[in-house]
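Have a look at model_9.csv below; it lists CSV, C-alpha atoms.
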chain,number,residue,atom,x,y,z
A,12,MET,CA,-7.0,-25.7,0.2
A,13,GLY,CA,-6.3,-22.7,2.5
A,14,TRP,CA,-9.3,-20.8,1.2
A,15,LEU,CA,-11.6,-23.5,2.7
A,16,THR,CA,-10.4,-22.6,6.2
A,17,ARG,CA,-11.8,-19.1,5.8
A,18,ILE,CA,-15.4,-20.3,5.1
A,19,LYS,CA,-17.9,-20.7,7.9
A,20,ASP,CA,-19.5,-24.1,8.7
A,21,SER,CA,-22.7,-23.1,7.0
A,22,LEU,CA,-20.9,-22.5,3.7
A,23,LEU,CA,-18.9,-25.7,4.0
A,24,THR,CA,-22.2,-27.6,4.3
A,25,LYS,CA,-23.6,-25.8,1.3
A,26,ILE,CA,-20.5,-26.6,-0.8
A,27,ARG,CA,-20.3,-30.2,0.3
A,28,LYS,CA,-23.8,-30.9,-0.9
A,29,LYS,CA,-22.7,-29.8,-4.4
A,30,ILE,CA,-19.4,-31.8,-4.5
A,31,PRO,CA,-19.4,-35.6,-4.6
A,32,LYS,CA,-17.6,-37.1,-1.6
A,33,LYS,CA,-15.0,-38.8,-3.8
A,34,ASP,CA,-14.0,-35.4,-5.2
A,35,LEU,CA,-13.5,-34.0,-1.7
A,36,GLN,CA,-11.2,-36.9,-0.8
A,37,SER,CA,-9.1,-36.5,-3.9
A,38,VAL,CA,-8.7,-32.7,-4.0
A,39,GLU,CA,-5.1,-32.6,-3.1
A,40,LYS,CA,-4.3,-35.3,-5.7
A,41,ALA,CA,-6.3,-33.4,-8.3
A,42,ARG,CA,-4.2,-30.3,-7.8
A,43,GLN,CA,-1.2,-32.1,-9.0
A,44,GLU,CA,-2.8,-33.5,-12.1
A,45,LYS,CA,-4.0,-31.8,-15.3
A,46,LYS,CA,-7.7,-31.7,-15.7
A,47,ILE,CA,-9.3,-32.5,-18.9
A,48,LYS,CA,-11.0,-29.4,-20.2
A,49,LYS,CA,-14.7,-29.7,-20.6
A,50,ILE,CA,-16.2,-28.7,-23.9
A,51,GLU,CA,-18.8,-26.1,-23.2
A,52,PRO,CA,-22.1,-26.0,-25.2
A,53,GLU,CA,-22.0,-23.7,-28.2
A,54,VAL,CA,-25.0,-21.9,-26.8
A,55,HIS,CA,-23.0,-21.0,-23.7
A,56,LYS,CA,-20.1,-19.6,-25.8
A,57,LYS,CA,-22.5,-17.4,-27.8
A,58,GLU,CA,-24.1,-16.1,-24.7
A,59,GLN,CA,-20.6,-15.4,-23.2
A,60,LYS,CA,-19.5,-13.5,-26.3
A,61,LYS,CA,-22.7,-11.3,-26.1
A,62,GLU,CA,-22.0,-10.5,-22.5
A,63,GLU,CA,-18.4,-9.6,-23.2
A,64,LEU,CA,-19.5,-7.2,-26.0
A,65,ALA,CA,-22.0,-5.5,-23.7
A,66,VAL,CA,-21.1,-2.0,-22.8
A,67,GLU,CA,-20.0,-1.6,-19.2
A,68,PRO,CA,-21.5,1.4,-17.3
A,69,ILE,CA,-19.2,4.4,-17.0
A,70,LYS,CA,-17.7,4.5,-13.5
A,71,LYS,CA,-17.9,7.7,-11.6
A,72,LYS,CA,-14.5,9.3,-11.2
A,73,ARG,CA,-13.4,10.3,-7.8
A,74,ALA,CA,-11.8,13.7,-7.4
A,75,PHE,CA,-8.1,13.3,-6.4
A,76,PHE,CA,-7.3,16.0,-4.0
A,77,GLY,CA,-3.9,17.3,-2.9
A,78,LEU,CA,-1.5,15.5,-0.6
A,79,PHE,CA,-2.6,14.5,2.9
A,80,LYS,CA,-5.9,16.4,3.1
A,81,LYS,CA,-8.5,15.4,5.8
A,82,LYS,CA,-11.3,13.6,4.0
A,83,GLU,CA,-13.9,14.9,6.4
A,84,LYS,CA,-12.9,18.5,5.7
A,85,LEU,CA,-12.8,18.4,2.0
A,86,LYS,CA,-16.1,20.2,1.6
A,87,GLU,CA,-14.9,23.1,3.7
A,88,VAL,CA,-11.9,23.7,1.5
A,89,PRO,CA,-12.4,26.4,-1.2
A,90,LYS,CA,-12.9,24.8,-4.5
A,91,ILE,CA,-9.7,24.9,-6.5
A,92,GLU,CA,-9.7,24.0,-10.2
A,93,LYS,CA,-6.9,21.6,-10.8
A,94,ASP,CA,-5.2,20.9,-14.2
A,95,PRO,CA,-7.1,17.9,-15.6
A,96,GLU,CA,-3.9,16.8,-17.4
A,97,LYS,CA,-2.0,16.7,-14.1
A,98,LYS,CA,-4.8,14.7,-12.5
A,99,LYS,CA,-4.9,12.3,-15.4
A,100,SER,CA,-1.1,12.1,-15.3
A,101,TRP,CA,-1.1,10.9,-11.7
A,102,PHE,CA,-3.6,8.1,-12.4
A,103,GLN,CA,-1.6,7.1,-15.4
A,104,LYS,CA,1.6,7.0,-13.3
A,105,LEU,CA,-0.2,4.8,-10.7
A,106,LYS,CA,-1.5,2.5,-13.3
A,107,THR,CA,1.9,2.3,-15.1
A,108,GLY,CA,3.6,1.8,-11.8
A,109,LEU,CA,1.4,-1.2,-10.9
A,110,PHE,CA,1.5,-2.6,-14.5
A,111,LYS,CA,3.8,-5.5,-13.7
A,112,SER,CA,1.7,-6.6,-10.8
A,113,SER,CA,-1.7,-6.0,-12.6
A,114,GLU,CA,-0.4,-7.8,-15.7
A,115,LYS,CA,0.6,-10.9,-13.8
A,116,ILE,CA,-2.8,-11.0,-12.1
A,117,SER,CA,-4.9,-10.2,-15.2
A,118,GLN,CA,-3.2,-12.8,-17.4
A,119,GLY,CA,-3.3,-15.4,-14.6
A,120,VAL,CA,-7.1,-14.8,-14.1
A,121,LYS,CA,-7.7,-15.1,-17.9
A,122,LYS,CA,-6.0,-18.5,-18.0
A,123,ILE,CA,-7.7,-19.8,-14.9
A,124,PHE,CA,-11.3,-18.7,-15.8
A,125,VAL,CA,-11.7,-19.8,-19.4
A,126,ASN,CA,-15.2,-21.2,-20.0
A,127,LYS,CA,-15.2,-22.6,-16.4
A,128,LYS,CA,-17.5,-22.6,-13.5
A,129,LEU,CA,-16.0,-21.6,-10.1
A,130,ASP,CA,-14.9,-25.0,-8.7
A,131,ILE,CA,-12.3,-26.2,-6.3
A,132,GLN,CA,-9.6,-26.4,-8.9
A,133,THR,CA,-10.1,-22.8,-10.1
A,134,LEU,CA,-10.2,-21.6,-6.5
A,135,ASN,CA,-6.9,-23.3,-5.7
A,136,ASP,CA,-5.3,-21.9,-8.8
A,137,LEU,CA,-6.6,-18.4,-8.0
A,138,GLU,CA,-5.2,-18.6,-4.4
A,139,GLU,CA,-1.8,-19.6,-5.7
A,140,LEU,CA,-1.9,-16.7,-8.2
A,141,LEU,CA,-2.6,-14.1,-5.6
A,142,ILE,CA,0.1,-15.4,-3.3
A,143,MET,CA,2.6,-15.2,-6.2
A,144,ALA,CA,1.5,-11.6,-6.7
A,145,ASP,CA,2.7,-10.8,-3.1
A,146,LEU,CA,-0.8,-10.4,-1.7
A,147,GLY,CA,0.3,-12.9,1.0
A,148,PRO,CA,-1.2,-16.2,2.1
A,149,THR,CA,-3.7,-14.6,4.6
A,150,ALA,CA,-5.1,-12.1,2.1
A,151,ALA,CA,-5.2,-14.7,-0.7
A,152,GLU,CA,-7.1,-17.2,1.4
A,153,LYS,CA,-9.6,-14.5,2.5
A,154,LEU,CA,-10.3,-13.2,-1.0
A,155,THR,CA,-10.6,-16.7,-2.5
A,156,ALA,CA,-13.1,-17.7,0.3
A,157,GLU,CA,-15.2,-14.6,-0.2
A,158,LEU,CA,-15.3,-15.3,-4.0
A,159,ALA,CA,-16.4,-18.9,-3.2
A,160,ASN,CA,-19.0,-17.7,-0.8
A,161,GLU,CA,-20.8,-15.7,-3.5
A,162,LYS,CA,-20.0,-17.4,-6.8
A,163,PHE,CA,-19.2,-21.1,-6.1
A,164,ASP,CA,-20.4,-23.5,-8.9
A,165,LYS,CA,-21.5,-20.6,-11.0
A,166,ASP,CA,-20.3,-19.4,-14.4
A,167,ILE,CA,-18.0,-16.5,-14.0
A,168,LYS,CA,-15.9,-14.4,-16.4
A,169,PRO,CA,-12.3,-13.1,-15.8
A,170,GLU,CA,-13.6,-9.5,-15.8
A,171,GLU,CA,-16.1,-10.4,-13.1
A,172,VAL,CA,-13.3,-12.0,-11.0
A,173,ARG,CA,-11.0,-8.9,-11.2
A,174,THR,CA,-13.9,-6.6,-10.4
A,175,PHE,CA,-14.9,-8.6,-7.4
A,176,LEU,CA,-11.3,-8.8,-6.1
A,177,ALA,CA,-10.8,-5.1,-6.6
A,178,LYS,CA,-13.9,-4.3,-4.5
A,179,LYS,CA,-12.8,-6.6,-1.7
A,180,ILE,CA,-9.2,-5.2,-1.8
A,181,GLU,CA,-10.6,-1.7,-1.6
A,182,GLU,CA,-12.7,-2.5,1.4
A,183,THR,CA,-9.6,-3.8,3.2
A,184,LEU,CA,-7.3,-1.0,2.2
A,185,GLU,CA,-9.9,1.7,3.0
A,186,GLU,CA,-9.3,1.0,6.7
A,187,VAL,CA,-5.6,2.0,6.5
A,188,ALA,CA,-5.8,4.8,3.8
A,189,ILE,CA,-5.5,7.5,6.4
A,190,PRO,CA,-4.1,11.0,5.6
A,191,LEU,CA,-1.1,12.4,7.5
A,192,VAL,CA,-2.6,15.2,9.7
A,193,LEU,CA,-0.1,17.6,11.1
A,194,ASP,CA,-2.2,20.1,13.1
A,195,ASN,CA,-1.1,23.2,15.0
A,196,ILE,CA,-2.1,22.1,18.5
A,197,GLN,CA,1.5,21.8,19.5
A,198,LYS,CA,4.7,23.4,18.1
A,199,PRO,CA,6.9,22.0,16.8
A,200,ILE,CA,5.3,18.8,15.6
A,201,VAL,CA,8.2,16.3,15.4
A,202,VAL,CA,8.2,13.8,12.5
A,203,LEU,CA,10.8,11.1,12.7
A,204,VAL,CA,11.4,9.2,9.4
A,205,VAL,CA,13.0,5.8,9.5
A,206,GLY,CA,13.7,2.8,7.2
A,207,VAL,CA,16.4,0.6,5.7
A,208,ASN,CA,18.9,1.9,3.2
A,209,GLY,CA,17.5,2.9,-0.2
A,210,THR,CA,13.8,3.1,0.7
A,211,GLY,CA,13.6,6.8,-0.1
A,212,LYS,CA,13.7,8.4,3.3
A,213,THR,CA,15.6,11.5,2.3
A,214,THR,CA,13.5,12.1,-0.9
A,215,THR,CA,10.3,11.5,1.1
A,216,ILE,CA,11.2,14.1,3.7
A,217,GLY,CA,12.1,16.6,0.9
A,218,LYS,CA,8.7,16.1,-0.7
A,219,LEU,CA,6.8,16.4,2.5
A,220,ALA,CA,8.7,19.5,3.5
A,221,HIS,CA,7.9,21.1,0.2
A,222,GLN,CA,4.2,20.2,0.5
A,223,TYR,CA,3.8,21.7,4.0
A,224,SER,CA,6.0,24.7,3.2
A,225,SER,CA,3.7,25.6,0.3
A,226,GLU,CA,0.8,25.6,2.8
A,227,GLY,CA,2.5,28.3,4.8
A,228,LYS,CA,4.1,26.1,7.5
A,229,LYS,CA,7.5,26.9,9.0
A,230,ILE,CA,9.6,23.9,8.4
A,231,MET,CA,12.9,22.6,9.8
A,232,ILE,CA,14.8,19.6,8.6
A,233,ALA,CA,17.5,17.8,10.7
A,234,ALA,CA,20.0,15.7,8.9
A,235,CYS,CA,20.6,13.0,11.5
A,236,ASP,CA,22.0,10.5,8.9
A,237,THR,CA,25.5,11.4,10.0
A,238,PHE,CA,27.1,8.5,8.2
A,239,ARG,CA,26.4,9.5,4.6
A,240,ALA,CA,27.7,12.9,3.5
A,241,ALA,CA,25.7,12.5,0.3
A,242,ALA,CA,22.4,12.2,2.2
A,243,VAL,CA,23.1,15.4,4.1
A,244,GLU,CA,23.9,17.2,0.8
A,245,GLN,CA,20.7,15.9,-0.8
A,246,LEU,CA,18.6,16.9,2.1
A,247,GLN,CA,20.1,20.4,2.2
A,248,ILE,CA,19.1,20.9,-1.5
A,249,TRP,CA,15.5,19.9,-0.6
A,250,ALA,CA,15.6,22.3,2.4
A,251,GLU,CA,16.6,25.2,0.1
A,252,ARG,CA,13.8,24.3,-2.3
A,253,SER,CA,11.3,24.3,0.6
A,254,SER,CA,12.6,27.4,2.3
A,255,ALA,CA,13.1,25.3,5.3
A,256,GLU,CA,15.6,25.7,8.2
A,257,PHE,CA,18.3,23.2,8.0
A,258,VAL,CA,20.3,21.6,10.8
A,259,LYS,CA,23.4,19.4,10.2
A,260,GLY,CA,26.4,18.2,12.2
A,261,THR,CA,29.8,17.0,11.4
A,262,GLN,CA,30.2,13.6,9.7
A,263,ASP,CA,29.9,10.7,12.2
A,264,CYS,CA,28.7,13.0,15.0
A,265,ASP,CA,26.2,11.6,17.5
A,266,ALA,CA,22.9,11.5,15.8
A,267,ALA,CA,20.9,11.6,19.0
A,268,GLY,CA,22.7,14.7,20.2
A,269,LEU,CA,22.1,16.4,16.8
A,270,ALA,CA,18.4,15.6,17.0
A,271,TYR,CA,18.2,17.1,20.5
A,272,GLU,CA,20.0,20.3,19.2
A,273,ALA,CA,17.5,20.5,16.3
A,274,LEU,CA,14.5,20.2,18.6
A,275,GLU,CA,15.9,23.0,20.8
A,276,LYS,CA,16.3,25.3,17.8
A,277,ALA,CA,12.9,24.4,16.5
A,278,LYS,CA,11.3,25.4,19.8
A,279,SER,CA,13.2,28.7,20.0
A,280,LYS,CA,12.3,29.6,16.4
A,281,ASN,CA,8.6,28.7,16.7
A,282,ILE,CA,8.9,26.1,14.0
A,283,ASP,CA,5.6,24.3,13.0
A,284,ILE,CA,7.1,21.0,11.8
A,285,LEU,CA,10.5,19.4,12.5
A,286,PHE,CA,11.4,16.5,10.1
A,287,ILE,CA,14.2,14.3,11.4
A,288,ASP,CA,16.1,12.1,8.9
A,289,THR,CA,17.8,9.0,10.2
A,290,ALA,CA,20.5,6.8,8.9
A,291,GLY,CA,19.4,3.8,6.9
A,292,ARG,CA,19.7,0.7,9.0
A,293,VAL,CA,19.1,-3.0,8.4
A,294,GLN,CA,16.3,-4.4,10.6
A,295,ASN,CA,18.4,-7.4,11.7
A,296,ARG,CA,21.3,-5.3,13.0
A,297,THR,CA,20.6,-4.9,16.7
A,298,GLU,CA,23.2,-2.2,17.4
A,299,LEU,CA,21.8,0.1,14.7
A,300,MET,CA,18.3,-0.4,15.8
A,301,GLU,CA,19.3,0.5,19.4
A,302,GLU,CA,20.8,3.7,18.1
A,303,LEU,CA,17.5,4.6,16.6
A,304,ALA,CA,15.8,4.0,20.0
A,305,LYS,CA,18.5,6.3,21.6
A,306,ILE,CA,17.4,9.2,19.3
A,307,ILE,CA,13.8,8.8,20.6
A,308,ARG,CA,14.9,8.6,24.2
A,309,VAL,CA,17.1,11.8,23.9
A,310,ILE,CA,14.5,14.0,22.2
A,311,ARG,CA,12.0,13.0,24.8
A,312,LYS,CA,14.1,14.8,27.4
A,313,LEU,CA,12.9,18.0,25.8
A,314,ASP,CA,9.4,16.8,24.8
A,315,LEU,CA,7.9,13.7,26.4
A,316,GLU,CA,5.5,13.2,23.5
A,317,SER,CA,8.2,13.4,20.7
A,318,PRO,CA,8.2,12.1,18.1
A,319,HIS,CA,4.6,12.9,17.4
A,320,HIS,CA,4.8,10.9,14.2
A,321,CYS,CA,7.2,8.1,13.3
A,322,LEU,CA,7.0,7.2,9.6
A,323,LEU,CA,8.5,4.1,8.1
A,324,THR,CA,9.4,4.3,4.4
A,325,LEU,CA,9.1,1.0,2.6
A,326,ASP,CA,10.4,0.1,-0.9
A,327,ALA,CA,7.6,-1.7,-2.8
A,328,THR,CA,10.2,-3.7,-4.8
A,329,THR,CA,11.3,-5.7,-1.7
A,330,GLY,CA,8.0,-7.6,-1.6
A,331,GLN,CA,7.4,-9.8,1.5
A,332,ASN,CA,10.6,-8.6,3.1
A,333,ALA,CA,8.7,-5.4,3.9
A,334,LEU,CA,6.8,-7.4,6.5
A,335,SER,CA,9.9,-8.2,8.5
A,336,GLN,CA,11.0,-4.6,8.3
A,337,VAL,CA,7.7,-3.4,9.8
A,338,GLU,CA,7.8,-6.0,12.5
A,339,ILE,CA,11.2,-4.9,13.8
A,340,PHE,CA,10.9,-1.2,13.4
A,341,LYS,CA,7.5,-1.3,15.0
A,342,GLU,CA,9.0,-2.7,18.2
A,343,MET,CA,12.0,-0.3,18.3
A,344,ALA,CA,10.5,3.0,17.1
A,345,GLU,CA,6.7,2.9,17.7
A,346,ILE,CA,5.8,3.3,14.0
A,347,SER,CA,2.7,5.4,13.6
A,348,GLY,CA,2.3,5.2,9.8
A,349,LEU,CA,3.8,3.9,6.5
A,350,ILE,CA,4.9,5.5,3.3
A,351,VAL,CA,5.4,3.1,0.4
A,352,THR,CA,7.8,4.2,-2.3
A,353,LYS,CA,9.1,3.0,-5.7
A,354,LEU,CA,5.8,1.5,-6.9
A,355,ASP,CA,6.8,2.7,-10.4
A,356,GLY,CA,9.4,-0.1,-10.6
A,357,SER,CA,7.7,-3.0,-8.7
A,358,ALA,CA,6.0,-6.2,-9.7
A,359,LYS,CA,5.0,-6.6,-6.1
A,360,GLY,CA,2.3,-4.0,-5.5
A,361,GLY,CA,0.2,-6.6,-3.7
A,362,ILE,CA,2.5,-6.1,-0.7
A,363,LEU,CA,0.3,-3.2,0.5
A,364,LEU,CA,-2.6,-5.7,1.1
A,365,SER,CA,-0.3,-8.0,3.1
A,366,LEU,CA,0.8,-5.0,5.2
A,367,ALA,CA,-2.8,-3.9,5.8
A,368,GLU,CA,-4.0,-7.4,6.8
A,369,LYS,CA,-1.1,-8.0,9.2
A,370,PHE,CA,-0.4,-4.7,10.9
A,371,ARG,CA,-3.4,-2.4,10.3
A,372,LEU,CA,-1.0,0.6,10.3
A,373,PRO,CA,-2.1,3.8,8.4
A,374,VAL,CA,-0.7,4.0,4.9
A,375,HIS,CA,-0.3,7.8,4.5
A,376,ALA,CA,1.2,8.0,1.0
A,377,ILE,CA,2.6,6.1,-2.0
A,378,GLY,CA,5.3,7.2,-4.4
A,379,VAL,CA,5.5,6.4,-8.1
A,380,GLY,CA,8.4,8.5,-9.2
A,381,GLU,CA,11.1,11.1,-8.3
A,382,LYS,CA,9.2,14.3,-8.8
A,383,ILE,CA,7.5,16.2,-6.0
A,384,GLU,CA,4.0,15.5,-7.3
A,385,ASP,CA,4.8,11.8,-7.5
A,386,LEU,CA,4.2,11.3,-3.8
A,387,GLN,CA,0.5,11.4,-3.2
A,388,SER,CA,-2.0,10.4,-0.4
A,389,PHE,CA,-3.0,6.8,-0.6
A,390,GLU,CA,-6.4,6.2,-2.1
A,391,ALA,CA,-7.8,2.6,-1.7
A,392,LYS,CA,-10.2,2.6,-4.6
A,393,GLU,CA,-7.7,3.9,-7.2
A,394,PHE,CA,-5.0,1.5,-6.0
A,395,ALA,CA,-7.3,-1.6,-6.0
A,396,GLU,CA,-8.6,-0.9,-9.5
A,397,SER,CA,-5.1,-0.3,-10.8
A,398,LEU,CA,-3.8,-3.4,-9.2
A,399,MET,CA,-6.5,-5.5,-10.9
A,400,GLY,CA,-5.9,-3.7,-14.2
A,401,LEU,CA,-9.4,-2.2,-14.4
A,402,GLU,CA,-10.0,0.8,-16.6
A,403,LYS,CA,-11.0,4.2,-15.1
Before anything else, please render the file you have as structure tokens.
Amino acid sequence: MGWLTRIKDSLLTKIRKKIPKKDLQSVEKARQEKKIKKIEPEVHKKEQKKEELAVEPIKKKRAFFGLFKKKEKLKEVPKIEKDPEKKKSWFQKLKTGLFKSSEKISQGVKKIFVNKKLDIQTLNDLEELLIMADLGPTAAEKLTAELANEKFDKDIKPEEVRTFLAKKIEETLEEVAIPLVLDNIQKPIVVLVVGVNGTGKTTTIGKLAHQYSSEGKKIMIAACDTFRAAAVEQLQIWAERSSAEFVKGTQDCDAAGLAYEALEKAKSKNIDILFIDTAGRVQNRTELMEELAKIIRVIRKLDLESPHHCLLTLDATTGQNALSQVEIFKEMAEISGLIVTKLDGSAKGGILLSLAEKFRLPVHAIGVGEKIEDLQSFEAKEFAESLMGLEK
């Protein structure tokens, strides 16, 4: 019944007029019992079939621009013809990456809304479905309440439900779909990348470095994950691909000292962007989190405003655990934005909505694969429609 708490008094009055008092008193009991399916009139079935066969209007496709472009400046950028196949490939990857999540929601909605009006039982079932899809209790309650507000006690088809949900999810995510803007007001711009082990920090830095290097920026990468030799080697390969300056220390050296040295070199070489990789750390290990705070304190001895951006990488497959990661890292490292990776293997794509509802932090990019082009700026509309399994 959580969805009811999200509805205003006026709506509650409206709904109660339509629901017998005895039904309201036995709602919780009814949720545990199987309801006898009502046989709908044949006329209603025929009308529904006709509606399903109706041709849906063709949706206007949005142009998908390159990584991290300012939306307000898109018109000023010279028009570049992009390979339609590559563009189509990205949308397909996003849809494929979210398939497990969208399939769970699509099939669940079909089972719930079979020849039914929108009543208390269907709303409760929908709320549970959305929670199971990792949209989180708050988002699930809000979406269910909004659906009740507009469609309660009306006939509604599964396709209408998914379209409605996609629109509402888009509206929420639009607020956090903010490009990463690295301007030239100050040099170097320091970007600190943090996260737990295995979230894709090193690969993300490599892809970002390649992107900005291709735009003519002078890049430097500092390998401050001094615990893993493999991470340093991997980052060095990315630095070579991006023609970026590379700074590393000896294994187990002081990470904060290395970050300080890298910033000194970046200033002397007039570097545009300095990316600092950090060791993966578990958010519940206090001593590791304090070490991250130390890196920030040390580089601020050279530049009081550093880091200018602190990006937290999150693995989409971790689901609701991502919320606790943001909570702790946000306190220790002043997180400025999120990059969500590994959507290509997750059945928990709904976690993005939970993150947006709780933290309102910018989501700069999402990743659906290992290739450079598989990290793209986050677009709310495309994500919402893919999550709901809607066709482009």
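A straight line drawn from CA of Lys111 (chain A) to CA of Lys127 (chain A) is 25.7 Å long.
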Can you pull out the residues contacting Asp283 (chain A)? Cut-off 10 Å, using all atoms listed in the file, and skip same-chain residues under 3 positions away; I want them as a CSV table (one decimal) with C-alpha atoms, in the coordinates of the input.
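Dumped to around-v1.csv:
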chain,number,residue,atom,x,y,z
A,193,LEU,CA,-0.1,17.6,11.1
A,194,ASP,CA,-2.2,20.1,13.1
A,195,ASN,CA,-1.1,23.2,15.0
A,196,ILE,CA,-2.1,22.1,18.5
A,197,GLN,CA,1.5,21.8,19.5
A,198,LYS,CA,4.7,23.4,18.1
A,199,PRO,CA,6.9,22.0,16.8
A,200,ILE,CA,5.3,18.8,15.6
A,201,VAL,CA,8.2,16.3,15.4
A,223,TYR,CA,3.8,21.7,4.0
A,224,SER,CA,6.0,24.7,3.2
A,227,GLY,CA,2.5,28.3,4.8
A,228,LYS,CA,4.1,26.1,7.5
A,229,LYS,CA,7.5,26.9,9.0
A,230,ILE,CA,9.6,23.9,8.4
A,231,MET,CA,12.9,22.6,9.8
A,277,ALA,CA,12.9,24.4,16.5
A,278,LYS,CA,11.3,25.4,19.8
A,280,LYS,CA,12.3,29.6,16.4
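Taking CA of Leu134 (chain A) as the reference point, CA of Glu185 (chain A) is found at 25.2 Å.
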List the spatial neighbours of Ala144 (chain A) as a PDB file with C-alpha atoms, keeping the file's coordinate frame - criterion: any atom at most 12 Å away, only C-alpha atoms, same-chain residues fewer than 2 positions off excluded.
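Here's the written file result-v2.pdb:
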ATOM      1  CA  LEU A 109       1.400  -1.200 -10.900  1.00  0.00           C
ATOM      2  CA  PHE A 110       1.500  -2.600 -14.500  1.00  0.00           C
ATOM      3  CA  LYS A 111       3.800  -5.500 -13.700  1.00  0.00           C
ATOM      4  CA  SER A 112       1.700  -6.600 -10.800  1.00  0.00           C
ATOM      5  CA  SER A 113      -1.700  -6.000 -12.600  1.00  0.00           C
ATOM      6  CA  GLU A 114      -0.400  -7.800 -15.700  1.00  0.00           C
ATOM      7  CA  LYS A 115       0.600 -10.900 -13.800  1.00  0.00           C
ATOM      8  CA  ILE A 116      -2.800 -11.000 -12.100  1.00  0.00           C
ATOM      9  CA  SER A 117      -4.900 -10.200 -15.200  1.00  0.00           C
ATOM     10  CA  GLN A 118      -3.200 -12.800 -17.400  1.00  0.00           C
ATOM     11  CA  GLY A 119      -3.300 -15.400 -14.600  1.00  0.00           C
ATOM     12  CA  VAL A 120      -7.100 -14.800 -14.100  1.00  0.00           C
ATOM     13  CA  LEU A 137      -6.600 -18.400  -8.000  1.00  0.00           C
ATOM     14  CA  GLU A 138      -5.200 -18.600  -4.400  1.00  0.00           C
ATOM     15  CA  GLU A 139      -1.800 -19.600  -5.700  1.00  0.00           C
ATOM     16  CA  LEU A 140      -1.900 -16.700  -8.200  1.00  0.00           C
ATOM     17  CA  LEU A 141      -2.600 -14.100  -5.600  1.00  0.00           C
ATOM     18  CA  ILE A 142       0.100 -15.400  -3.300  1.00  0.00           C
ATOM     19  CA  LEU A 146      -0.800 -10.400  -1.700  1.00  0.00           C
ATOM     20  CA  GLY A 147       0.300 -12.900   1.000  1.00  0.00           C
ATOM     21  CA  PRO A 148      -1.200 -16.200   2.100  1.00  0.00           C
ATOM     22  CA  ALA A 150      -5.100 -12.100   2.100  1.00  0.00           C
ATOM     23  CA  ALA A 151      -5.200 -14.700  -0.700  1.00  0.00           C
ATOM     24  CA  THR A 328      10.200  -3.700  -4.800  1.00  0.00           C
ATOM     25  CA  GLY A 330       8.000  -7.600  -1.600  1.00  0.00           C
ATOM     26  CA  GLN A 331       7.400  -9.800   1.500  1.00  0.00           C
ATOM     27  CA  SER A 357       7.700  -3.000  -8.700  1.00  0.00           C
ATOM     28  CA  ALA A 358       6.000  -6.200  -9.700  1.00  0.00           C
ATOM     29  CA  LYS A 359       5.000  -6.600  -6.100  1.00  0.00           C
ATOM     30  CA  GLY A 360       2.300  -4.000  -5.500  1.00  0.00           C
ATOM     31  CA  GLY A 361       0.200  -6.600  -3.700  1.00  0.00           C
ATOM     32  CA  ILE A 362       2.500  -6.100  -0.700  1.00  0.00           C
ATOM     33  CA  LEU A 363       0.300  -3.200   0.500  1.00  0.00           C
ATOM     34  CA  LEU A 364      -2.600  -5.700   1.100  1.00  0.00           C
ATOM     35  CA  SER A 365      -0.300  -8.000   3.100  1.00  0.00           C
ATOM     36  CA  LEU A 398      -3.800  -3.400  -9.200  1.00  0.00           C
ATOM     37  CA  MET A 399      -6.500  -5.500 -10.900  1.00  0.00           C
TER      38      MET A 399
END
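Going from CA of Asp130 (chain A) to CA of Lys165 (chain A) covers 8.3 Å.
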